[in-house]
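The structure file final_15.cif is reproduced below (mmCIF, C-alpha atoms).
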data_coords
loop_
_atom_site.group_PDB
_atom_site.id
_atom_site.type_symbol
_atom_site.label_atom_id
_atom_site.label_comp_id
_atom_site.auth_asym_id
_atom_site.auth_seq_id
_atom_site.Cartn_x
_atom_site.Cartn_y
_atom_site.Cartn_z
ATOM 1 C CA MET H 1 49.911 30.795 63.688
ATOM 2 C CA LYS H 2 46.844 28.728 64.546
ATOM 3 C CA LEU H 3 47.123 25.145 63.383
ATOM 4 C CA ASN H 4 44.065 23.053 62.712
ATOM 5 C CA ASN H 5 45.098 19.404 62.892
ATOM 6 C CA THR H 6 41.839 17.933 61.641
ATOM 7 C CA GLU H 7 42.547 19.234 58.124
ATOM 8 C CA PRO H 8 45.359 18.232 55.727
ATOM 9 C CA LEU H 9 48.453 20.379 56.241
ATOM 10 C CA GLU H 10 47.780 22.533 53.166
ATOM 11 C CA TYR H 11 44.509 23.742 54.731
ATOM 12 C CA SER H 12 45.903 24.039 58.237
ATOM 13 C CA THR H 13 45.971 27.825 58.592
ATOM 14 C CA ASN H 14 43.427 30.455 57.718
ATOM 15 C CA GLN H 15 45.943 31.999 55.319
ATOM 16 C CA ASN H 16 46.301 28.629 53.573
ATOM 17 C CA GLN H 17 42.551 28.270 53.106
ATOM 18 C CA MET H 18 42.357 31.784 51.709
ATOM 19 C CA ASN H 19 45.245 31.045 49.321
ATOM 20 C CA ILE H 20 43.410 28.029 47.946
ATOM 21 C CA LEU H 21 40.116 29.906 47.578
ATOM 22 C CA GLY H 22 41.978 32.782 45.929
ATOM 23 C CA PHE H 23 43.564 30.411 43.449
ATOM 24 C CA TRP H 24 40.184 28.955 42.536
ATOM 25 C CA ILE H 25 38.980 32.498 41.788
ATOM 26 C CA PHE H 26 42.027 32.945 39.540
ATOM 27 C CA LEU H 27 41.127 29.682 37.771
ATOM 28 C CA GLY H 28 37.596 31.033 37.236
ATOM 29 C CA ALA H 29 39.151 33.979 35.405
ATOM 30 C CA GLU H 30 41.338 31.577 33.404
ATOM 31 C CA ILE H 31 38.229 29.672 32.300
ATOM 32 C CA MET H 32 36.861 32.954 30.921
ATOM 33 C CA LEU H 33 40.192 33.765 29.237
ATOM 34 C CA PHE H 34 40.203 30.472 27.365
ATOM 35 C CA GLY H 35 36.476 30.951 26.672
ATOM 36 C CA THR H 36 37.299 34.102 24.704
ATOM 37 C CA LEU H 37 40.067 32.277 22.816
ATOM 38 C CA PHE H 38 37.676 29.468 21.853
ATOM 39 C CA ALA H 39 35.019 31.996 20.823
ATOM 40 C CA SER H 40 37.576 33.684 18.559
ATOM 41 C CA PHE H 41 38.723 30.335 17.190
ATOM 42 C CA PHE H 42 35.204 29.232 16.233
ATOM 43 C CA THR H 43 34.629 32.602 14.577
ATOM 44 C CA LEU H 44 37.851 32.598 12.554
ATOM 45 C CA GLU H 45 38.492 28.909 11.856
ATOM 46 C CA ASN H 46 37.059 29.046 8.324
ATOM 47 C CA GLY H 47 39.009 32.133 7.363
ATOM 48 C CA VAL H 48 41.932 30.279 5.825
ATOM 49 C CA GLY H 49 42.529 32.708 2.944
ATOM 50 C CA SER H 50 45.120 31.223 0.608
ATOM 51 C CA GLY H 51 46.691 29.187 3.445
ATOM 52 C CA PRO H 52 45.947 25.579 4.429
ATOM 53 C CA SER H 53 42.996 24.564 6.626
ATOM 54 C CA GLY H 54 43.187 22.642 9.888
ATOM 55 C CA ALA H 55 42.181 19.377 8.235
ATOM 56 C CA GLU H 56 45.153 19.714 5.875
ATOM 57 C CA VAL H 57 47.842 20.348 8.473
ATOM 58 C CA PHE H 58 46.754 18.593 11.690
ATOM 59 C CA GLU H 59 48.528 15.310 12.413
ATOM 60 C CA ILE H 60 46.789 12.799 14.647
ATOM 61 C CA THR H 61 49.907 11.113 16.131
ATOM 62 C CA PRO H 62 51.422 14.105 17.966
ATOM 63 C CA VAL H 63 47.956 15.118 19.144
ATOM 64 C CA ILE H 64 47.262 11.697 20.683
ATOM 65 C CA LEU H 65 50.747 11.703 22.188
ATOM 66 C CA GLU H 66 50.252 15.137 23.759
ATOM 67 C CA THR H 67 46.862 14.145 25.134
ATOM 68 C CA VAL H 68 48.084 10.911 26.740
ATOM 69 C CA ILE H 69 51.175 12.643 28.167
ATOM 70 C CA LEU H 70 49.137 15.451 29.708
ATOM 71 C CA LEU H 71 46.458 13.100 31.086
ATOM 72 C CA THR H 72 49.164 10.960 32.684
ATOM 73 C CA SER H 73 50.890 13.997 34.192
ATOM 74 C CA SER H 74 47.570 15.135 35.621
ATOM 75 C CA PHE H 75 47.277 11.664 37.208
ATOM 76 C CA THR H 76 50.816 11.743 38.640
ATOM 77 C CA ILE H 77 50.411 15.219 40.183
ATOM 78 C CA GLY H 78 47.258 13.843 41.844
ATOM 79 C CA LEU H 79 49.343 10.972 43.195
ATOM 80 C CA ALA H 80 51.975 13.448 44.414
ATOM 81 C CA ILE H 81 49.344 15.296 46.469
ATOM 82 C CA HIS H 82 48.064 11.982 47.819
ATOM 83 C CA ALA H 83 51.604 10.958 48.819
ATOM 84 C CA MET H 84 52.027 14.355 50.463
ATOM 85 C CA ARG H 85 48.939 13.748 52.565
ATOM 86 C CA ILE H 86 50.260 10.432 53.838
ATOM 87 C CA ASN H 87 53.505 12.234 54.633
ATOM 88 C CA ASN H 88 55.688 10.343 52.156
ATOM 89 C CA LYS H 89 58.276 12.864 51.021
ATOM 90 C CA LYS H 90 60.201 10.510 48.744
ATOM 91 C CA ALA H 91 57.102 9.453 46.810
ATOM 92 C CA THR H 92 55.863 13.057 46.593
ATOM 93 C CA LEU H 93 59.137 14.181 45.052
ATOM 94 C CA ALA H 94 59.174 11.195 42.695
ATOM 95 C CA PHE H 95 55.628 11.841 41.433
ATOM 96 C CA LEU H 96 56.262 15.579 41.164
ATOM 97 C CA GLY H 97 59.463 14.850 39.226
ATOM 98 C CA ILE H 98 57.608 12.509 36.846
ATOM 99 C CA THR H 99 54.935 15.173 36.365
ATOM 100 C CA LEU H 100 57.527 17.752 35.393
ATOM 101 C CA LEU H 101 59.270 15.351 33.006
ATOM 102 C CA LEU H 102 55.930 14.583 31.366
ATOM 103 C CA GLY H 103 55.262 18.320 31.117
ATOM 104 C CA LEU H 104 58.624 18.750 29.437
ATOM 105 C CA SER H 105 57.887 15.960 26.933
ATOM 106 C CA PHE H 106 54.516 17.557 26.213
ATOM 107 C CA LEU H 107 56.301 20.787 25.345
ATOM 108 C CA GLY H 108 58.787 18.845 23.233
ATOM 109 C CA VAL H 109 55.972 17.385 21.136
ATOM 110 C CA GLU H 110 54.320 20.795 20.896
ATOM 111 C CA VAL H 111 57.556 22.369 19.670
ATOM 112 C CA TYR H 112 57.792 19.613 17.035
ATOM 113 C CA GLU H 113 54.208 20.409 16.058
ATOM 114 C CA PHE H 114 54.899 24.134 15.726
ATOM 115 C CA ILE H 115 57.967 23.437 13.564
ATOM 116 C CA HIS H 116 55.772 21.210 11.403
ATOM 117 C CA TYR H 117 53.221 24.033 11.064
ATOM 118 C CA TYR H 118 55.973 26.428 10.062
ATOM 119 C CA HIS H 119 57.138 24.042 7.334
ATOM 120 C CA VAL H 120 53.671 23.568 5.881
ATOM 121 C CA GLY H 121 53.145 27.325 5.839
ATOM 122 C CA VAL H 122 51.028 27.937 8.938
ATOM 123 C CA THR H 123 52.472 30.951 10.723
ATOM 124 C CA LEU H 124 50.951 33.745 12.803
ATOM 125 C CA GLN H 125 50.544 35.863 9.678
ATOM 126 C CA THR H 126 49.221 33.309 7.173
ATOM 127 C CA SER H 127 45.482 33.634 7.771
ATOM 128 C CA ALA H 128 42.854 34.383 10.408
ATOM 129 C CA PHE H 129 42.690 30.655 11.103
ATOM 130 C CA SER H 130 46.444 30.194 11.569
ATOM 131 C CA ALA H 131 46.661 33.292 13.785
ATOM 132 C CA ILE H 132 43.954 32.177 16.211
ATOM 133 C CA LEU H 133 45.172 28.555 16.131
ATOM 134 C CA LEU H 134 48.703 29.517 17.153
ATOM 135 C CA THR H 135 47.447 32.084 19.675
ATOM 136 C CA THR H 136 45.238 29.520 21.406
ATOM 137 C CA LEU H 137 47.824 26.715 21.359
ATOM 138 C CA GLY H 138 50.544 29.187 22.322
ATOM 139 C CA THR H 139 48.594 30.522 25.307
ATOM 140 C CA HIS H 140 48.135 26.980 26.588
ATOM 141 C CA GLY H 141 51.780 26.119 25.864
ATOM 142 C CA ALA H 142 52.955 29.271 27.674
ATOM 143 C CA HIS H 143 50.909 28.205 30.707
ATOM 144 C CA VAL H 144 52.582 24.773 30.657
ATOM 145 C CA THR H 145 56.025 26.387 30.332
ATOM 146 C CA PHE H 146 55.302 28.660 33.282
ATOM 147 C CA GLY H 147 54.024 25.649 35.249
ATOM 148 C CA LEU H 148 57.257 23.766 34.598
ATOM 149 C CA PHE H 149 59.352 26.432 36.314
ATOM 150 C CA TRP H 150 56.821 26.861 39.096
ATOM 151 C CA GLY H 151 56.794 23.086 39.705
ATOM 152 C CA LEU H 152 60.584 22.936 39.658
ATOM 153 C CA PHE H 153 60.850 25.568 42.403
ATOM 154 C CA ILE H 154 58.266 23.724 44.509
ATOM 155 C CA PHE H 155 60.210 20.491 44.010
ATOM 156 C CA LEU H 156 63.343 22.198 45.359
ATOM 157 C CA GLN H 157 61.465 23.736 48.295
ATOM 158 C CA ILE H 158 59.990 20.409 49.405
ATOM 159 C CA LYS H 159 63.383 18.793 49.035
ATOM 160 C CA LYS H 160 64.987 21.456 51.205
ATOM 161 C CA ARG H 161 62.298 22.246 53.776
ATOM 162 C CA GLY H 162 60.124 19.137 53.832
ATOM 163 C CA PHE H 163 56.378 19.360 54.451
ATOM 164 C CA THR H 164 55.387 22.596 56.182
ATOM 165 C CA PRO H 165 52.042 24.425 56.023
ATOM 166 C CA GLU H 166 53.672 26.647 53.383
ATOM 167 C CA THR H 167 55.234 24.049 51.094
ATOM 168 C CA THR H 168 52.175 21.760 51.190
ATOM 169 C CA ASN H 169 49.925 24.719 50.429
ATOM 170 C CA LYS H 170 52.082 25.715 47.465
ATOM 171 C CA SER H 171 52.157 22.142 46.166
ATOM 172 C CA PHE H 172 48.391 21.789 46.416
ATOM 173 C CA ILE H 173 47.831 25.061 44.556
ATOM 174 C CA PHE H 174 50.310 23.967 41.892
ATOM 175 C CA SER H 175 48.358 20.716 41.483
ATOM 176 C CA LEU H 176 45.167 22.730 40.899
ATOM 177 C CA TYR H 177 46.942 24.717 38.192
ATOM 178 C CA TRP H 178 48.285 21.584 36.522
ATOM 179 C CA HIS H 179 44.906 19.814 36.496
ATOM 180 C CA PHE H 180 43.386 22.958 35.043
ATOM 181 C CA LEU H 181 45.877 22.939 32.157
ATOM 182 C CA ASP H 182 44.822 19.364 31.459
ATOM 183 C CA VAL H 183 41.152 20.406 31.363
ATOM 184 C CA VAL H 184 41.953 23.188 28.892
ATOM 185 C CA TRP H 185 43.890 20.717 26.735
ATOM 186 C CA ILE H 186 40.877 18.363 26.653
ATOM 187 C CA PHE H 187 38.850 21.180 25.089
ATOM 188 C CA ILE H 188 41.645 22.028 22.630
ATOM 189 C CA PHE H 189 41.944 18.338 21.751
ATOM 190 C CA SER H 190 38.181 17.941 21.230
ATOM 191 C CA PHE H 191 37.104 21.213 19.639
ATOM 192 C CA ILE H 192 40.181 22.323 17.739
ATOM 193 C CA TYR H 193 41.901 19.120 16.619
ATOM 194 C CA LEU H 194 39.224 16.416 16.488
ATOM 195 C CA LYS H 195 36.500 18.758 15.265
ATOM 196 C CA GLY H 196 38.934 20.082 12.649
ATOM 197 C CA MET H 197 39.871 16.614 11.412
ATOM 198 C CA MET H 198 36.371 15.122 11.584
ATOM 199 C CA MET J 1 53.536 0.728 47.363
ATOM 200 C CA LYS J 2 49.812 0.097 47.234
ATOM 201 C CA GLU J 3 48.924 3.026 49.475
ATOM 202 C CA LEU J 4 50.531 5.355 46.936
ATOM 203 C CA PHE J 5 47.932 4.461 44.277
ATOM 204 C CA PRO J 6 44.481 5.125 45.731
ATOM 205 C CA VAL J 7 41.660 3.370 43.864
ATOM 206 C CA LYS J 8 39.774 6.613 43.312
ATOM 207 C CA GLN J 9 42.656 8.247 41.428
ATOM 208 C CA VAL J 10 43.508 5.148 39.404
ATOM 209 C CA MET J 11 39.860 4.753 38.400
ATOM 210 C CA GLY J 12 39.720 8.432 37.487
ATOM 211 C CA PHE J 13 42.791 8.023 35.272
ATOM 212 C CA VAL J 14 41.472 4.888 33.553
ATOM 213 C CA PHE J 15 38.123 6.569 32.993
ATOM 214 C CA SER J 16 39.800 9.646 31.482
ATOM 215 C CA LEU J 17 41.742 7.409 29.048
ATOM 216 C CA VAL J 18 38.501 5.651 28.078
ATOM 217 C CA LEU J 19 36.827 9.028 27.441
ATOM 218 C CA THR J 20 39.777 10.054 25.258
ATOM 219 C CA ALA J 21 39.438 6.825 23.257
ATOM 220 C CA VAL J 22 35.708 7.456 22.794
ATOM 221 C CA ALA J 23 36.423 11.013 21.635
ATOM 222 C CA LEU J 24 38.980 9.664 19.144
ATOM 223 C CA SER J 25 36.245 7.564 17.515
ATOM 224 C CA VAL J 26 35.054 10.705 15.696
ATOM 225 C CA TYR J 27 38.385 10.701 13.858
ATOM 226 C CA PHE J 28 38.649 6.994 13.099
ATOM 227 C CA PHE J 29 35.030 6.301 12.128
ATOM 228 C CA ASN J 30 32.881 7.992 9.548
ATOM 229 C CA MET J 31 29.976 9.805 11.095
ATOM 230 C CA SER J 32 27.825 12.862 10.593
ATOM 231 C CA PHE J 33 28.985 16.237 11.911
ATOM 232 C CA GLU J 34 26.096 16.354 14.419
ATOM 233 C CA MET J 35 26.889 12.890 15.745
ATOM 234 C CA GLY J 36 30.602 13.714 16.093
ATOM 235 C CA MET J 37 29.943 17.018 17.882
ATOM 236 C CA THR J 38 27.543 15.320 20.290
ATOM 237 C CA ILE J 39 30.191 12.736 21.198
ATOM 238 C CA LEU J 40 32.868 15.428 21.637
ATOM 239 C CA LEU J 41 30.657 17.671 23.778
ATOM 240 C CA VAL J 42 29.655 14.796 26.053
ATOM 241 C CA THR J 43 33.165 13.357 26.464
ATOM 242 C CA ALA J 44 34.844 16.761 26.960
ATOM 243 C CA PHE J 45 32.458 17.944 29.657
ATOM 244 C CA ILE J 46 32.473 14.612 31.529
ATOM 245 C CA GLN J 47 36.265 14.662 31.348
ATOM 246 C CA ALA J 48 36.387 18.207 32.784
ATOM 247 C CA ALA J 49 33.974 17.328 35.602
ATOM 248 C CA LEU J 50 36.066 14.239 36.363
ATOM 249 C CA GLN J 51 39.232 16.285 36.793
ATOM 250 C CA LEU J 52 37.426 18.834 38.937
ATOM 251 C CA VAL J 53 35.888 16.364 41.353
ATOM 252 C CA PHE J 54 38.326 13.421 41.409
ATOM 253 C CA PHE J 55 41.648 15.190 41.078
ATOM 254 C CA MET J 56 41.142 18.780 42.143
ATOM 255 C CA HIS J 57 39.207 17.907 45.318
ATOM 256 C CA ALA J 58 36.833 20.787 44.598
ATOM 257 C CA GLY J 59 34.373 19.669 47.255
ATOM 258 C CA GLU J 60 36.617 18.932 50.241
ATOM 259 C CA SER J 61 37.313 22.354 51.744
ATOM 260 C CA ASN J 62 35.225 24.604 53.961
ATOM 261 C CA ASP J 63 34.943 26.993 51.028
ATOM 262 C CA LYS J 64 33.213 24.359 48.903
ATOM 263 C CA LYS J 65 30.218 26.619 48.194
ATOM 264 C CA ALA J 66 32.336 29.609 47.207
ATOM 265 C CA ILE J 67 34.594 27.430 45.042
ATOM 266 C CA TYR J 68 31.727 25.806 43.143
ATOM 267 C CA THR J 69 29.864 29.117 42.742
ATOM 268 C CA ASN J 70 33.009 30.686 41.329
ATOM 269 C CA VAL J 71 33.689 27.785 38.938
ATOM 270 C CA TYR J 72 30.076 27.746 37.693
ATOM 271 C CA TYR J 73 30.273 31.513 37.224
ATOM 272 C CA GLY J 74 33.468 31.157 35.176
ATOM 273 C CA ILE J 75 31.933 28.384 33.060
ATOM 274 C CA ALA J 76 28.704 30.373 32.554
ATOM 275 C CA ILE J 77 30.626 33.434 31.346
ATOM 276 C CA ALA J 78 32.785 31.257 29.062
ATOM 277 C CA LEU J 79 29.703 29.548 27.558
ATOM 278 C CA VAL J 80 27.889 32.853 27.047
ATOM 279 C CA THR J 81 31.024 34.241 25.383
ATOM 280 C CA VAL J 82 31.411 31.241 23.067
ATOM 281 C CA PHE J 83 27.758 30.753 22.107
ATOM 282 C CA GLY J 84 26.977 34.479 22.072
ATOM 283 C CA THR J 85 29.854 34.967 19.645
ATOM 284 C CA LEU J 86 28.697 32.084 17.464
ATOM 285 C CA LEU J 87 25.143 33.444 17.475
ATOM 286 C CA THR J 88 26.044 37.021 16.550
ATOM 287 C CA LEU J 89 28.958 36.396 14.203
ATOM 288 C CA ILE J 90 28.371 32.993 12.591
ATOM 289 C CA TRP J 91 24.932 31.458 12.929
ATOM 290 C CA GLY J 92 23.130 34.725 12.169
ATOM 291 C CA TYR J 93 24.676 34.786 8.681
ATOM 292 C CA MET J 94 24.196 31.168 7.688
#
Is it possible to give me this structure as structure tokens?
Amino acid sequence: MKLNNTEPLEYSTNQNQMNILGFWIFLGAEIMLFGTLFASFFTLENGVGSGPSGAEVFEITPVILETVILLTSSFTIGLAIHAMRINNKKATLAFLGITLLLGLSFLGVEVYEFIHYYHVGVTLQTSAFSAILLTTLGTHGAHVTFGLFWGLFIFLQIKKRGFTPETTNKSFIFSLYWHFLDVVWIFIFSFIYLKGMM
Amino acid sequence: MKELFPVKQVMGFVFSLVLTAVALSVYFFNMSFEMGMTILLVTAFIQAALQLVFFMHAGESNDKKAIYTNVYYGIAIALVTVFGTLLTLIWGYM
């Protein structure tokens, strides 16, 4: 294995660089995936049938809470990567742990929100609007859920093995994924919730 | 402790909170639909660019060109999908 010491550890081997580039290509595909979901949402959002519209069921408090939680977790995963680069294992684990806890609280609020929707009669089968709303939110939520487990395993690997070209590479790629989820949420926040309540 | 909180990241975080607050103004203040959408479009895309450059270090690797080309390609396809759909299924019937 050829090590390049002028680069951060996560870029240190050719395989590592390829992994990171490959993940960016995956994120490009994810951008398109969410693009299709937004296109469907904008097409169907007025098809409420006999069910309620977005303006009637959206609540601003959980939405603000979710946004601040996710923005903060995106900040703390950035700090975790920074701590990793200055070789501070304790701080990296602490920031990664905080990120995962924030991710968990985000999901908690989202679960509350979905229960609320159920009670006010917004389910997958209510109307075109409710179907695409829950599909879009659910796809994002499923990504966060997946990220939680992924992050947990990386936490355990760093704890056990310390910083190696492999664990740093995995952590960096996980941070890309987590930031990406935050970006997607910003668009959900702006063009589904705020636009719907405007 | 201080070396754990680089200025660049803290500034990026503060700026993203400010952008969120600006976006929230469309909810708390009365404004026209056009005005609100303009604010949301501007804040959302700045916010996304901020994450990409400040937090995701998109420009630091040797594959910078490939990474940016790929991201722009993804965004272009997403925009064509969204606006093409709006054009053919919504705006054409208004």
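The residue that comes closest to Ala76 in chain J, out of H:Met32, H:Lys90, H:Leu152, H:Phe42 and on the basis of all atoms listed in the file, is H:Met32.
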### Task
Quick one: residues within 9 Å of (36.4, 32.7, 25.1) (file frame), counting all atoms listed in the file, please, as a PyMOL selection string.
(chain H and resi 31-41) or (chain J and resi 77-82+85)
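Run against this file, the PyMOL selection byres ((chain J) within 7 of (chain H)) gives back Leu4, Phe5, Phe13, Val26, Tyr27, Leu40, Ala44, Ala48, Gln51, Phe55, Met56, Asp63, Ile67, Asn70, Val71, Gly74, Ile75, Ile77, Ala78, Leu79, Thr81, Val82, Thr85, Leu86, Leu89 and Ile90 of chain J.
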On this structure, which residues satisfy the PyMOL selection byres ((chain H and resi 50) around 12), written as a PDB file with C-alpha atoms, in the frame of the given file?
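Output (result-v8.pdb):
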ATOM      1  CA  ASN H  46      37.059  29.046   8.324  1.00  0.00           C
ATOM      2  CA  GLY H  47      39.009  32.133   7.363  1.00  0.00           C
ATOM      3  CA  VAL H  48      41.932  30.279   5.825  1.00  0.00           C
ATOM      4  CA  GLY H  49      42.529  32.708   2.944  1.00  0.00           C
ATOM      5  CA  GLY H  51      46.691  29.187   3.445  1.00  0.00           C
ATOM      6  CA  PRO H  52      45.947  25.579   4.429  1.00  0.00           C
ATOM      7  CA  SER H  53      42.996  24.564   6.626  1.00  0.00           C
ATOM      8  CA  GLY H 121      53.145  27.325   5.839  1.00  0.00           C
ATOM      9  CA  VAL H 122      51.028  27.937   8.938  1.00  0.00           C
ATOM     10  CA  GLN H 125      50.544  35.863   9.678  1.00  0.00           C
ATOM     11  CA  THR H 126      49.221  33.309   7.173  1.00  0.00           C
ATOM     12  CA  SER H 127      45.482  33.634   7.771  1.00  0.00           C
ATOM     13  CA  ALA H 128      42.854  34.383  10.408  1.00  0.00           C
ATOM     14  CA  PHE H 129      42.690  30.655  11.103  1.00  0.00           C
ATOM     15  CA  SER H 130      46.444  30.194  11.569  1.00  0.00           C
TER      16      SER H 130
END
### Query
Got a sec to resolve the PyMOL selection byres ((chain H and resi 145-147) around 10) on this structure and send the residues as a VMD selection string?
chain H and resid 100 103 to 104 106 to 107 139 to 144 148 to 153 174 to 175 177 to 178 181
